[in-house]
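File shown here: query01.txt, holding compact mmCIF, C-alpha atoms.
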```
# COMPACT_ATOMS: atom_id res chain seq x y z
CA MET A 1 16.02 4.44 -28.94
CA VAL A 2 13.96 6.29 -26.33
CA TYR A 3 10.32 6.99 -27.20
CA THR A 4 7.93 9.29 -25.35
CA VAL A 5 4.17 9.06 -25.80
CA THR A 6 1.87 12.09 -25.40
CA LEU A 7 -1.61 11.19 -26.61
CA ASN A 8 -3.19 14.58 -25.88
CA PRO A 9 -0.56 17.32 -26.43
CA ALA A 10 -1.44 20.99 -26.29
CA LEU A 11 -0.25 24.33 -27.51
CA ASP A 12 0.04 26.36 -24.31
CA ARG A 13 -0.53 30.11 -24.72
CA THR A 14 0.53 32.30 -21.80
CA LEU A 15 -1.01 35.77 -21.85
CA CYS A 16 0.51 38.33 -19.48
CA VAL A 17 -1.60 41.21 -18.15
CA ASP A 18 -1.06 43.78 -15.41
CA LYS A 19 -4.24 42.58 -13.70
CA LEU A 20 -7.41 40.81 -14.71
CA VAL A 21 -10.52 42.99 -14.51
CA ALA A 22 -14.00 41.58 -15.14
CA ASN A 23 -16.18 43.11 -17.85
CA GLU A 24 -13.36 45.28 -19.20
CA ALA A 25 -10.87 45.00 -22.06
CA ASN A 26 -7.67 43.60 -20.56
CA ARG A 27 -4.55 44.61 -22.44
CA ILE A 28 -2.05 41.79 -23.05
CA THR A 29 1.53 42.90 -22.36
CA LYS A 30 3.24 39.70 -23.53
CA GLU A 31 2.31 36.41 -25.17
CA THR A 32 4.28 33.16 -25.36
CA ARG A 33 3.38 29.92 -27.16
CA TYR A 34 4.76 26.60 -26.00
CA ALA A 35 4.37 22.99 -27.14
CA GLY A 36 3.11 21.23 -24.03
CA GLY A 37 2.55 17.68 -22.80
CA LYS A 38 4.28 15.51 -20.20
CA GLY A 39 5.97 13.20 -22.71
CA ILE A 40 7.06 16.20 -24.76
CA ASP A 41 8.54 17.81 -21.65
CA VAL A 42 10.48 14.64 -20.89
CA SER A 43 11.88 14.58 -24.44
CA ARG A 44 12.84 18.24 -24.09
CA VAL A 45 14.82 17.60 -20.87
CA LEU A 46 16.37 14.45 -22.33
CA LEU A 47 17.74 16.49 -25.22
CA GLU A 48 19.33 18.90 -22.75
CA LEU A 49 20.94 15.87 -21.09
CA GLY A 50 22.31 14.67 -24.42
CA ILE A 51 19.78 11.88 -25.05
CA GLU A 52 17.85 11.67 -28.33
CA SER A 53 14.23 10.55 -28.30
CA ILE A 54 11.27 10.23 -30.66
CA VAL A 55 7.96 11.88 -29.69
CA LEU A 56 4.79 9.89 -30.44
CA GLY A 57 1.15 10.90 -30.12
CA PHE A 58 -1.65 12.66 -31.97
CA VAL A 59 -1.81 16.12 -33.53
CA GLY A 60 -4.40 17.73 -35.78
CA GLY A 61 -5.29 20.91 -37.61
CA TYR A 62 -3.34 24.15 -37.84
CA THR A 63 -2.57 24.07 -34.10
CA GLY A 64 -1.13 20.57 -34.43
CA ARG A 65 1.09 21.68 -37.31
CA GLU A 66 2.35 24.61 -35.25
CA LEU A 67 3.04 22.37 -32.26
CA GLU A 68 4.90 19.89 -34.46
CA GLY A 69 6.96 22.66 -36.05
CA ARG A 70 7.87 24.16 -32.70
CA LEU A 71 9.17 20.79 -31.49
CA PHE A 72 11.19 20.24 -34.64
CA ASN A 73 12.63 23.75 -34.40
CA LYS A 74 13.80 22.97 -30.85
CA GLY A 75 15.73 19.93 -32.03
CA LEU A 76 13.20 17.27 -31.07
CA THR A 77 12.02 14.47 -33.37
CA PRO A 78 8.20 14.30 -33.55
CA ASP A 79 6.53 11.36 -35.27
CA PHE A 80 2.84 12.06 -34.70
CA ILE A 81 -0.31 10.56 -36.10
CA HIS A 82 -2.25 13.33 -37.87
CA ILE A 83 -5.93 13.31 -36.95
CA THR A 84 -9.06 15.03 -38.24
CA GLY A 85 -9.66 16.93 -34.98
CA GLU A 86 -7.83 20.07 -33.86
CA THR A 87 -5.05 19.90 -31.28
CA ARG A 88 -6.14 21.72 -28.13
CA THR A 89 -4.89 25.13 -27.06
CA ASN A 90 -4.63 25.77 -23.32
CA VAL A 91 -4.60 29.36 -22.09
CA ILE A 92 -2.73 30.64 -19.05
CA ILE A 93 -3.48 34.21 -17.99
CA ARG A 94 -0.66 35.54 -15.81
CA THR A 95 -0.98 38.78 -13.86
CA LYS A 96 1.81 41.12 -12.82
CA SER A 97 1.55 39.71 -9.28
CA ASN A 98 2.30 36.21 -10.71
CA GLN A 99 -1.20 34.86 -10.27
CA ASP A 100 -2.05 32.29 -12.94
CA TYR A 101 -5.54 31.57 -14.29
CA ILE A 102 -5.27 28.27 -16.17
CA LEU A 103 -7.87 27.31 -18.77
CA ASN A 104 -7.40 23.72 -19.96
CA VAL A 105 -9.28 22.34 -22.96
CA PRO A 106 -10.29 18.63 -23.11
CA GLY A 107 -8.86 18.20 -26.61
CA PRO A 108 -10.05 16.37 -29.73
CA GLU A 109 -11.79 13.02 -29.88
CA ILE A 110 -9.63 10.23 -31.31
CA HIS A 111 -11.35 7.90 -33.77
CA ALA A 112 -10.76 4.16 -33.96
CA GLU A 113 -8.98 4.40 -37.32
CA GLU A 114 -6.57 7.01 -35.92
CA LEU A 115 -5.81 4.86 -32.89
CA SER A 116 -5.21 1.91 -35.20
CA ARG A 117 -2.63 3.94 -37.12
CA LEU A 118 -0.75 4.70 -33.90
CA TYR A 119 -0.76 1.00 -32.98
CA ASN A 120 0.60 0.00 -36.38
CA LYS A 121 3.22 2.74 -36.29
CA ILE A 122 4.49 1.44 -32.95
CA LYS A 123 4.50 -2.18 -34.12
CA SER A 124 6.57 -1.27 -37.18
CA VAL A 125 9.07 1.27 -35.76
CA LYS A 126 12.42 1.09 -37.54
CA ARG A 127 14.48 2.00 -34.47
CA ARG A 128 14.01 -0.55 -31.72
CA PRO A 129 12.61 1.01 -28.51
CA THR A 130 14.73 0.44 -25.42
CA ILE A 131 13.02 2.83 -22.98
CA VAL A 132 9.51 4.24 -23.39
CA PHE A 133 7.85 6.95 -21.30
CA ILE A 134 4.03 7.12 -21.40
CA SER A 135 2.14 9.92 -19.69
CA GLY A 136 -0.40 12.73 -19.87
CA SER A 137 -4.17 12.92 -20.12
CA ILE A 138 -6.10 10.44 -22.25
CA PRO A 139 -8.04 11.99 -25.16
CA ARG A 140 -11.75 11.53 -25.62
CA GLY A 141 -12.66 8.36 -27.49
CA ILE A 142 -9.85 6.27 -25.97
CA SER A 143 -10.27 3.70 -23.19
CA PRO A 144 -8.48 4.21 -19.84
CA ARG A 145 -6.82 0.85 -20.57
CA ILE A 146 -4.73 2.45 -23.31
CA TYR A 147 -1.60 2.82 -21.16
CA ALA A 148 -1.77 -0.86 -20.22
CA GLN A 149 -2.20 -1.80 -23.88
CA LEU A 150 0.68 0.41 -25.00
CA THR A 151 2.84 -1.04 -22.22
CA LEU A 152 2.21 -4.56 -23.49
CA VAL A 153 2.97 -3.56 -27.09
CA PHE A 154 6.24 -1.83 -26.22
CA GLU A 155 7.27 -4.65 -23.88
CA SER A 156 6.74 -7.11 -26.73
CA LEU A 157 9.32 -5.07 -28.65
CA GLY A 158 11.82 -5.40 -25.81
CA ALA A 159 11.39 -1.98 -24.19
CA LYS A 160 11.37 -0.98 -20.54
CA VAL A 161 8.23 1.08 -20.01
CA ILE A 162 7.80 3.96 -17.57
CA VAL A 163 4.27 5.17 -16.80
CA ASP A 164 3.48 8.48 -15.13
CA SER A 165 -0.27 8.74 -14.78
CA SER A 166 -3.12 8.82 -12.27
CA GLY A 167 -6.57 7.43 -11.57
CA LYS A 168 -7.95 4.52 -13.56
CA ALA A 169 -5.27 4.81 -16.27
CA LEU A 170 -2.51 4.20 -13.70
CA LYS A 171 -4.42 1.38 -12.01
CA GLU A 172 -4.99 -0.36 -15.34
CA SER A 173 -1.38 0.12 -16.46
CA ILE A 174 -0.09 -1.75 -13.40
CA LYS A 175 -1.82 -4.89 -14.69
CA ALA A 176 0.59 -4.80 -17.65
CA THR A 177 3.56 -4.59 -15.22
CA PRO A 178 5.54 -1.63 -16.59
CA PHE A 179 9.19 -1.41 -15.54
CA LEU A 180 8.59 1.71 -13.45
CA ILE A 181 5.69 3.92 -12.34
CA LYS A 182 6.11 7.45 -11.02
CA PRO A 183 3.09 8.86 -9.23
CA ASN A 184 3.34 11.81 -6.88
CA LEU A 185 2.11 11.36 -3.31
CA LYS A 186 -1.46 12.44 -4.08
CA GLU A 187 -1.68 10.15 -7.12
CA PHE A 188 -0.24 7.23 -5.15
CA CYS A 189 -2.81 7.68 -2.39
CA GLN A 190 -5.57 7.74 -5.01
CA LEU A 191 -4.17 4.54 -6.48
CA ILE A 192 -4.21 2.61 -3.19
CA GLY A 193 -7.51 4.18 -2.07
CA LYS A 194 -6.36 5.71 1.21
CA GLU A 195 -4.57 8.77 2.53
CA ILE A 196 -1.16 8.01 4.06
CA LYS A 197 1.95 10.08 4.63
CA GLU A 198 4.08 7.94 6.92
CA LYS A 199 7.10 6.51 5.16
CA LYS A 200 6.68 2.99 6.56
CA ALA A 201 3.10 2.76 5.31
CA LEU A 202 4.08 4.12 1.89
CA ILE A 203 6.78 1.48 1.58
CA GLN A 204 4.37 -1.31 2.55
CA GLU A 205 1.84 -0.21 -0.07
CA ALA A 206 4.52 0.24 -2.74
CA LYS A 207 5.83 -3.27 -2.07
CA LYS A 208 2.36 -4.66 -2.80
CA ILE A 209 2.60 -3.11 -6.27
CA VAL A 210 6.14 -4.44 -6.77
CA LYS A 211 4.86 -7.93 -5.96
CA LYS A 212 2.44 -7.58 -8.90
CA GLY A 213 5.41 -7.28 -11.26
CA VAL A 214 6.30 -3.57 -11.40
CA GLU A 215 10.05 -3.38 -10.83
CA TYR A 216 10.26 0.16 -9.43
CA VAL A 217 7.70 2.38 -7.72
CA VAL A 218 8.99 5.95 -7.58
CA ILE A 219 6.87 8.31 -5.46
CA SER A 220 7.82 11.94 -5.98
CA LEU A 221 7.58 13.97 -2.77
CA ARG A 222 8.12 17.55 -3.98
CA GLU A 223 10.83 19.25 -1.89
CA LYS A 224 11.53 15.97 -0.06
CA GLY A 225 12.76 14.32 -3.25
CA ALA A 226 11.59 10.79 -3.99
CA LEU A 227 10.89 7.48 -2.28
CA VAL A 228 11.85 4.50 -4.43
CA VAL A 229 10.77 0.92 -3.73
CA SER A 230 11.91 -2.24 -5.54
CA ALA A 231 11.96 -5.91 -4.62
CA GLU A 232 15.55 -5.70 -3.36
CA LYS A 233 16.06 -2.13 -2.14
CA ILE A 234 14.42 1.01 -0.82
CA TYR A 235 15.90 4.38 -1.68
CA GLU A 236 15.24 7.80 -0.21
CA ILE A 237 16.75 10.49 -2.40
CA THR A 238 16.64 13.93 -0.83
CA PRO A 239 17.51 17.03 -2.88
CA PRO A 240 19.47 20.01 -1.54
CA LEU A 241 17.54 22.98 -0.23
CA VAL A 242 16.99 25.47 -3.04
CA GLU A 243 14.78 28.45 -3.72
CA VAL A 244 11.69 27.13 -5.49
CA ARG A 245 10.68 29.52 -8.26
CA ASN A 246 8.40 27.24 -10.26
CA SER A 247 7.52 23.61 -9.55
CA ILE A 248 5.82 22.99 -12.93
CA GLY A 249 7.60 20.25 -14.85
CA ALA A 250 9.72 19.04 -11.94
CA GLY A 251 8.20 15.55 -12.09
CA ASP A 252 8.87 15.30 -15.82
CA SER A 253 12.48 16.37 -15.26
CA LEU A 254 12.77 13.70 -12.56
CA VAL A 255 11.72 11.03 -15.05
CA ALA A 256 13.97 12.44 -17.78
CA GLY A 257 16.96 12.24 -15.44
CA ILE A 258 16.15 8.61 -14.60
CA VAL A 259 15.85 7.74 -18.30
CA ALA A 260 19.10 9.54 -19.12
CA GLY A 261 20.89 7.65 -16.37
CA MET A 262 19.56 4.33 -17.66
CA LYS A 263 20.65 5.15 -21.22
CA GLN A 264 24.12 6.06 -19.93
CA GLY A 265 24.41 2.65 -18.30
CA LYS A 266 24.28 3.91 -14.72
CA LYS A 267 23.08 1.71 -11.91
CA MET A 268 19.48 2.47 -10.94
CA GLU A 269 20.49 4.22 -7.72
CA GLU A 270 22.71 6.63 -9.70
CA ALA A 271 20.01 7.12 -12.33
CA LEU A 272 17.55 8.03 -9.59
CA LYS A 273 20.00 10.56 -8.16
CA LEU A 274 20.34 12.13 -11.61
CA GLY A 275 16.55 12.28 -11.81
CA VAL A 276 16.20 14.10 -8.50
CA ALA A 277 19.02 16.47 -9.52
CA ALA A 278 17.22 17.26 -12.79
CA GLY A 279 13.93 17.85 -10.96
CA THR A 280 15.67 20.12 -8.45
CA ALA A 281 17.30 22.13 -11.21
CA THR A 282 13.91 22.66 -12.85
CA VAL A 283 12.29 24.26 -9.78
CA THR A 284 15.06 26.89 -9.62
CA LEU A 285 14.43 28.21 -13.16
```

Could you express the structure from this file as structure tokens?
Amino acid sequence: MVYTVTLNPALDRTLCVDKLVANEANRITKETRYAGGKGIDVSRVLLELGIESIVLGFVGGYTGRELEGRLFNKGLTPDFIHITGETRTNVIIRTKSNQDYILNVPGPEIHAEELSRLYNKIKSVKRRPTIVFISGSIPRGISPRIYAQLTLVFESLGAKVIVDSSGKALKESIKATPFLIKPNLKEFCQLIGKEIKEKKALIQEAKKIVKKGVEYVVISLREKGALVVSAEKIYEITPPLVEVRNSIGAGDSLVAGIVAGMKQGKKMEEALKLGVAAGTATVTL
């Protein structure tokens, strides 16, 4: 079974207005509510590709119940830990000229007892995990080492773990040698501590990470596709030229395509091509 982990999900509210005027009442022309989070988005794309998954993480309060219900109503399978805090609500204000004003909330603090319940849930899952995707922001109250710890737990259950993160959380996770990491170019440069864009230098730095035990380093390069480095091979997967309407979620679709390909028994090169195809399809929507 595929599991996705979103520790800090959010209910995303998009409020549409003609224009945003300070110190005046702005009339909302349309409102949409959306269950958000990188792991959730991967599960959503996986379902479209015919792959079932179970969504893990934390939810709390009325907002958490709504988020959980929205996922279930879309055909996903949430299995959250219910916490005392309230799941965050992010607000996106979109003007008629397609300018977005994004207001992100930090989210609830997770208590030690709640984290313990997640750990015990994972250790006692009834359906054996084969592939696990871990991503998203880390809630308050949880150590940046959490992705490394979760990687070790899932690996002990026989799963291949994919981590899509940044900063200290990504650096710590590498110590647990996940099967695959997927930073974008900016996140990768932050990880190695220097700004590089040349392909040869990127490959050299990625190989250093592979030598530490990570099997695949996938660097997403926006419209240029992805650079993939493993111990044996280097792949450059370039997407076709398309009209980019919205790049949000393209990286999650890339990962979902890779996971779907792995579940379908494809060779990694073919799974990576499916990932880039899924990411390309997302930017055209």

Contact table segment 123-175 of chain A vs segment 16-39 of chain A, cut-off 8 Å, shortest pair per residue, only C-alpha atoms, as CSV:
```
residue,atom,partner,partner_atom,distance
A:Phe133,CA,A:Gly39,CA,6.7
A:Ile134,CA,A:Gly39,CA,6.5
A:Ser135,CA,A:Gly39,CA,5.9
A:Gly136,CA,A:Lys38,CA,5.5
```

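The two atoms in question, atom CA of Leu11 of chain A and atom CA of Asn120 of chain A, are spaced 25.9 Å apart.
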
| At what distance in Å, to one decimal, does atom CA of Lys160 of chain A lie from atom CA of Phe72 of chain A? |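 One can read the atom CA of Phe72 of chain A to atom CA of Lys160 of chain A distance as 25.5 Å.
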
| Out of A:Pro108, A:Gly85, A:Pro129, A:Gly251, which residue has the shortest atom-to-atom distance to Glu223 of chain A when counting only C-alpha atoms? | A:Gly251

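Checking A:Ala278, A:His111, A:Ser230, A:Gly265 one by one against Ala250 of chain A, counting all atoms listed in the file, you find the shortest gap at A:Ala278.
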